[in-house]
Every structure is written in C-alpha cells, then in structure tokens.
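Enquirer: Right, I'll just put the structure down here and ask away after.
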Amino acid sequence: MQYVLAIWQREIKSYFVSPIAYVVLTIFLVLAGLFFYGNLTEVVQFTMMQAQLGQGGQPIDVPAYVAQSLFKTFTVILLFLIPMLTMGLFAEEKKRGTIELLLTTPVGTSQALLGKYLASLTFLLILLVASMVTVSPLFVFGQPDWKPMLAGYLGLFLYGAALLALGLFISTLTENQIVAVIVTFGASLVLWLVNVFGTVFGGSSSGPAREVVDYLSVINHLDDFLKGVIDTSHIIYYVTFSFVGLFLAYRSLESMRWKG
Amino acid sequence: MIEVDHLSKVYGERRAVDDISFTVGKGEVLGFLGPNGAGKTTTMRMLTCYMPATEGTARIAGYDIFEQSVEVRKRIGYLPENPPLYPDMTVDGYLNFVARIKGTPSSRRGGQVGDAIEKCDLGEVRNRIIGRLSKGYRQRVGLAQALLNNPEVLILDEPTIGLDPKQIHEVRTLIKSLASAHTIILSTHILPEVSMTCTRVVIIKKGKVVAMDTPEGLASQMKRAERVSLTVAGPVDAVRAKLSGIDGVLGVQAEDADVPYSNYIVECKLGTDLRRVLSAAVVGEGWGLLDIRLVSMSLEDVFIDLITNEREEGATAPAAEGGTHGGGDAGDAGAGEAKGEE
C-alpha cells in the first residue's frame with residue numbers, strides 16, 4: 001500500500017507541475033460558469049413569460065432546474081476533459097522508459113495501476129469540488145434542496161470514474177499521448193451514444209437487443225442520479241465498468257511484459 | 001549470487017535469448033558483451049523480472065526470478081539502457097521517489113539519497129529539474145537511482161553510453177569501487193570498458209553464449225599468432241616478398257600501399273619474437289625502417305573474431321602460448337612494447 005501511495009503522490013504532483021491540471025480546471029470552470037449563466041437566464045425568461053401570460057400553472061423549482069441542467073452539461077464537458085487526465089498515465093511512462101523502473105521495483109503492475117487510477121480519481125474529485133463554486137449562487141440566493149444535488153455529484157463521480165478507467169486502459173496500449181487522448185474520447189463517445197446508434201440501426205423501440213444497447217450507454221445510468229435518485233443498479237453499472245477498465249489495463253500491461 | 005539456468009526468450013519465431021547459462025559470484029563484475037541485437041538487454045530484462053522468461057530460470061541471491069519476483073526486485077538495482085527518469089522532477093525529488101518505491105523506510109531515505117548523490121557526484125544539480133540536465137548528468141542520475149536501497153546486485157545496461165571521456169572514466173572508477181559491496185552485471189559493446197572494469201566476460205551472439213572467461217583468458221585463448229607491425233619505406237612488392245621469405249613468418253599484409261612508406265602486419269609463429277630478424281632484413285636491403293612493434297591480440301580482435309566467424313571455438317585455439325601480453329585495450333595496446341629499433 002505504501003507503494004500505491006508513492007505512485008499516487010507522484011502523479012498528483014505531476015498533474016500540477018505540468019500545465020494539464022490548470023488547463024483542465026480553467027476550461028472546466030469557464031464552461032461551467034457560461035452554462036450556468038445561460039441556464040439561469042433561460043429559466044428566468046421562462047418564468048417571466050409565464051407570469052405575463054397570467055397563468056398560475058405549476059411554479060418551477062428554479063434552483064433544482066438550473067442545477068440539473070448544469071449537471072447535464074458537466075457530463076459533456078467531462079467527456080472532453082477526462083481523456084486529458086488519463087492520456088499520459090501509462091503512455092508517457094512507456095515512452096520515457098520509466099515503466100521499466102516501476103515494474104522492476106517492488107511496486108509491480110497492480111500497485112502502479114491502482115496508484116495512478118486513484119490519482120486520476122483524486123483529480124476528478126478536485127474538479128467536482130471546484131465546480132461547487134459555480135453552483136454556490138443557488139445557495140446564496142435561494143434555498144435549494146441539497147440532497148438531490150449530492151446524488152447528482154455522486155452520479156457524476158461514478159460516471160467520471162468509469163471513463164477514467166477506460167482512459168487508463170487505452171493509455172496502456174500506446175506510447176503516444178495524442179493517440180491515447182483521441183482514442184479515449186472516441187471510445188467514450190461511442191459508449192455515450194450507443195443507444196442513439198441503437199435507435200438509428202435497430203429501428204425497433206423495444207426487444208432484448210434494444211435493452212442491452214440502452215443498458216450499455218454510460219449516460220443512461222446517470223439520469224436517475226441527476227433527478228436525485230440513488231439506484232444501486234446504476235452504482236453497480238459504473239463500478240463494474242471501472243473494474244473492467246482496470247482489469248483490461250492490467251492484462252494489457254502484463255502482455256506488454258511478455259512481448260517486450 | 002546470480003545463477004542463470006538455461007534461460008531463453010522467444011519472440012514469436014525469433015529466439016532472442018537461446019539457452020543461456022552462467023553464474024556470477026559475490027563481488028564479481030561480469031561484462032556482458034555482444035553486438036547490438038545479440039540479446040543483452042533481453043537477458044537483463046529477464047533477470048530484473050521486467051520480462052518473464054520463455055524457458056529456463058535464474059536465481060538471484062537465492063530467489064527465483066519468476067516464483068519470488070518481489071524478493072528479487074527488492075535486491076536489485078537496475079539501470080536500463082535509457083535511464084528511467086521523470087523529466088518534470090528535481091534530482092532530489094526523483095531519488096526520494098525511487099527510494100520510496102524501492103521500499104526504503106522514510107528514516108533511512110534521506111541518508112540513502114545523500115549517499116547516492118555523493119557517489120555519483122550530483123551535488124551541484126540536486127535541486128535542478130531532470131529535464132534540463134545534460135545527457136551525462138542524466139546518465140548519472142540513472143546510476144544513482146540504481147544504487148538506492150543498497151541492492152546486493154546491480155544490473156547496468158550500457159552504463160557509460162552518452163558520457164564524455166572524463167565522465168566515462170569516472171563512471172568506470174565508480175563501478176570498480178562498487179564491486180566490493182555489490183555483485184555487478186554490466187552490458188556494453190565498448191571493449192576497453194570490459195577489460196578495465198570486469199573480472200569476467202560473457203560474449204553472446206544471436207542469443208547464445210559464445211565465450212566466457214576473464215578478459216585476459218579470452219585474449220590468450222584466442223591468440224593464434226604473434227603479430228608484428230612494421231612501417232617500411234620501400235617498394236611494396238619487394239618488401240612483402242622479402243618479409244614472407246623469412247623463416248617463421250606465416251603471412252604478411254600490407255596497408256596504405258600508395259604512400260611512400262607502407263604499413264605491414266606480419267604474422268609470426270606463436271612464441272617467437274622476430275623483431276630482430278625482421279628489422280635486420282629490412283635494413284639489410286637498404287629500405288627505411290620507420291617503426292616496428294609487437295601487436296598484442298586485443299579483446300577487440302577476440303570479439304570481432306568470435307562474432308564474425310562461425311568457427312567452432314576452442315578447437316583451433318592453441319592450448320598454451322608464451323606471449324607476455326594478454327588483454328590490454330585496443331587503443332594503446334602494444335604502443336609501448338617496442339618502438340623504432342632502427
């Protein structure tokens with residue numbers, strides 16, 4: 001475990017020594033701020049229209065609505081940013097030859113893998129905590145229910161963890177960071193849109209094939225979290241997804257050792 | 001300390017390392033010599049547990065490299081061909097990290113890092129970013145890294161590559177000084193390095209061991225003739241004919257035949273010294289004898305011999321000879337032996 005800690009610490013430091021951490025944080029926060037402003041104006045205009053028309057209707061829970069649509073945009077931003085967090089994890093290690101150092105010290109494959117994965121999870125956590133700055137006006141000017149938001153954050157974290165595991169696996173396959181980032185993004189996008197492809201090619205709106213395709217999509221499992229519902233089946237999906245990613249990464253590193 | 005037992009590595013169809021066996025005793029420095037692609041790096045990678053062997057095994061300090069790989073990894077220091085450095089870290093930070101992943105307890109880490117920095121003379125750069133260091137310094141950081149946690153066995157893949165002559169000398173001295181406390185395997189294709197630093201040499205070619213002995217032993221074992229080098233001002237054909245006619249001369253080779261004076265390599269019967277006879281013959285004809293000296297069979301010749309010829313070795317090598325010069329490096333071998341007897 002001390003080795004996992006050493007690797008974790010080095011990776012975190014290396015995120016902040018290189019520009020990656022700052023670039024990712026800046027992009028994330030700027031986009032989050034813009035979308036927050038956009039969503040808020042939209043809701044305000046909508047409620048004003050409603051008031052002018054004089055229809056009582058159902059009052060909108062403005063903070064909850066804004067938070068939910070903001071979280072939805074987070075999923076898209078993360079889709080772009082997460083490949084940047086994982087691209088270097090093993091690709092750089094292979095390119096620099098430092099993988100030889102890690103695997104010939106008592107660290108070994110699984111601990112190196114775990115240390116790096118935990119480092120990327122830590123950065124994701126930092127990102128999500130930073131995003132609370134964007135959400136904070138809702139608490140300053142209103143009294144939103146914080147519990148559904150927490151569920152939303154849990155969902156985003158699990159979703160991010162799954163994509164990070166995928167990125168980690170892809171990073172073990174190449175020595176080139178650019179290739180790693182593009183392939184990770186492409187693969188994530190396919191897993192995101194797999195149900196859309198299902199609709200296009202499958203046609204039918206029901207049946208077992210349709211269910212499988214819907215189940216695979218990384219984004220379908222997030223909806224409930226964003227609505228404030230924590231469903232174990234979705235947690236299991238994301239955790240399984242992450243484990244498969246880590247397992248594939250492990251096998252890929254072992255096979256690299258056999259092949260040289 | 002190290003017992004390599006019929007180790008093989010097969011990549012697809014190619015046998016990169018083919019049934020290698022040797023042992024290295026405690027405190028020995030074993031030179032691993034071979035042309036590029038001979039399987040040196042692959043062997044080292046197997047010994048350091050980076051790569052599993054296809055067949056055979058090896059034991060390091062009594063631990064099997066496959067079955068007890070963690071124990072082995074705790075006891076080795078490894079410098080790969082490209083030093084495994086993180087360019088974004090400082091020398092100090094990097095060495096502390098390596099000490100940590102080698103399992104050095106934090107109480108001893110500072111001392112270990114300090115020692116390694118001192119041994120490799122890195123004091124001046126210890127707070128600098130590795131990415132900005134020169135190749136020579138990087139190589140030394142790589143070496144310092146291998147020394148951390150005081151491993152029983154050091155495995156160094158071409159430790160002097162990329163260094164300037166002064167640094168090469170320093171690294172060799174360092175390696176020699178380490179030999180008392182560590183068992184060392186180093187690979188190289190620089191021959192003088194082997195005769196200067198190693199107590200034993202293994203020469204491999206296409207993944208097979210072709211020779212294993214002390215540097216001196218190898219040189220004498222491979223020696224088939226005494227060689228004398230002469231520089232003579234005179235008609236090439238006549239000189240060649242004259243020298244060939246002398247009793248005991250086995251062959252004459254002329255070089256640079258287009259200049260006023262030519263260089264000749266005369267191969268003489270083993271155990272003879274024909275310098276007197278040769279010089280008398282040249283001077284007797286009225287030609288100018290500009291230089292005459294014995295050429296010793298250097299390790300380089302042995303090496304070239306072993307890796308270029310398919311000859312089954314030992315069969316043609318004479319059992320005994322009376323030469324006074326065994327190893328010696330290629331550069332200045334023989335230069336001081338006998339000069340200008342004119």
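Labels for the structure tokens follow display order: chains A, B, ..., residues from 1 in each chain, ligands from 1.
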Near chain B, which residues of chain A fall within 7 Å when you count only C-alpha atoms, and what do they look like as a ChimeraX atom specification?

Expert: /A:3,6,96-98,100-101,103-107,257-260

Enquirer: If you run DSSP on the backbone here, which positions in region 136-223 of chain A get helix (DSSP H, G or I)? Please write them as a PyMOL selection string.

Expert: chain A and resi 136-141+146-171+177-202+208-216+220-223

Enquirer: If I take CA of Gln68 (chain A) and CA of Val212 (chain A), how far is one from the other in Å, to one decimal?

Expert: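 Spanning CA of Gln68 (chain A) to CA of Val212 (chain A) is a straight-line distance of 26.3 Å.
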
Enquirer: Give me the residues within 9 Å of Ala116 (chain B) as a ChimeraX atom specification, counting only C-alpha atoms and dropping any in the same chain fewer than 2 places off.

Expert: /B:95,111-114,118-122,141,143-148

Enquirer: Near region 15-27 of chain B, counting only C-alpha atoms, which residues have an atom at most 8 Å away, once you skip same-chain residues fewer than 6 positions from it, shown as a PDB file with C-alpha atoms, in the first residue's frame?

Expert:
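Heads up, here's the output in selection04.pdb:
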ATOM      1  CA  MET B   1      24.891 -14.756  -6.190  1.00  0.00           C
ATOM      2  CA  ILE B   2      23.376 -14.964  -9.650  1.00  0.00           C
ATOM      3  CA  GLU B   3      22.703 -18.332 -11.243  1.00  0.00           C
ATOM      4  CA  VAL B   4      21.304 -18.262 -14.728  1.00  0.00           C
ATOM      5  CA  ASP B   5      19.920 -21.610 -15.717  1.00  0.00           C
ATOM      6  CA  HIS B   6      19.131 -22.347 -19.375  1.00  0.00           C
ATOM      7  CA  LEU B   7      17.352 -19.059 -19.848  1.00  0.00           C
ATOM      8  CA  SER B   8      15.552 -18.495 -23.156  1.00  0.00           C
ATOM      9  CA  LYS B   9      13.262 -15.847 -24.556  1.00  0.00           C
ATOM     10  CA  ALA B  38      22.529 -10.067 -29.519  1.00  0.00           C
ATOM     11  CA  GLY B  39      20.098 -10.357 -26.633  1.00  0.00           C
ATOM     12  CA  THR B  42      16.516  -9.024 -23.153  1.00  0.00           C
ATOM     13  CA  THR B  43      18.621 -11.097 -20.764  1.00  0.00           C
ATOM     14  CA  GLU B  55      12.137 -21.243 -20.789  1.00  0.00           C
ATOM     15  CA  GLY B  56      14.619 -21.763 -18.003  1.00  0.00           C
ATOM     16  CA  ALA B 179      32.325  -4.059  -6.869  1.00  0.00           C
ATOM     17  CA  SER B 180      33.415  -4.713  -3.299  1.00  0.00           C
ATOM     18  CA  ALA B 181      29.907  -4.267  -1.927  1.00  0.00           C
ATOM     19  CA  HIS B 182      27.770  -5.378  -4.856  1.00  0.00           C
ATOM     20  CA  THR B 183      27.669  -8.043  -7.490  1.00  0.00           C
ATOM     21  CA  ILE B 184      27.515  -6.348 -10.858  1.00  0.00           C
ATOM     22  CA  LYS B 206      22.437 -14.182 -31.583  1.00  0.00           C
ATOM     23  CA  GLY B 207      21.230 -15.059 -28.114  1.00  0.00           C
ATOM     24  CA  LYS B 208      23.849 -17.728 -27.453  1.00  0.00           C
ATOM     25  CA  VAL B 209      26.888 -17.637 -25.202  1.00  0.00           C
TER      26      VAL B 209
END

Enquirer: From the options A:Arg251, A:Arg10, A:His234, A:Lys227, which residue's atoms come nearest to Gly152 (chain A), counting only C-alpha atoms?

Expert: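 Among the listed residues, A:Lys227 lies closest to Gly152 (chain A).
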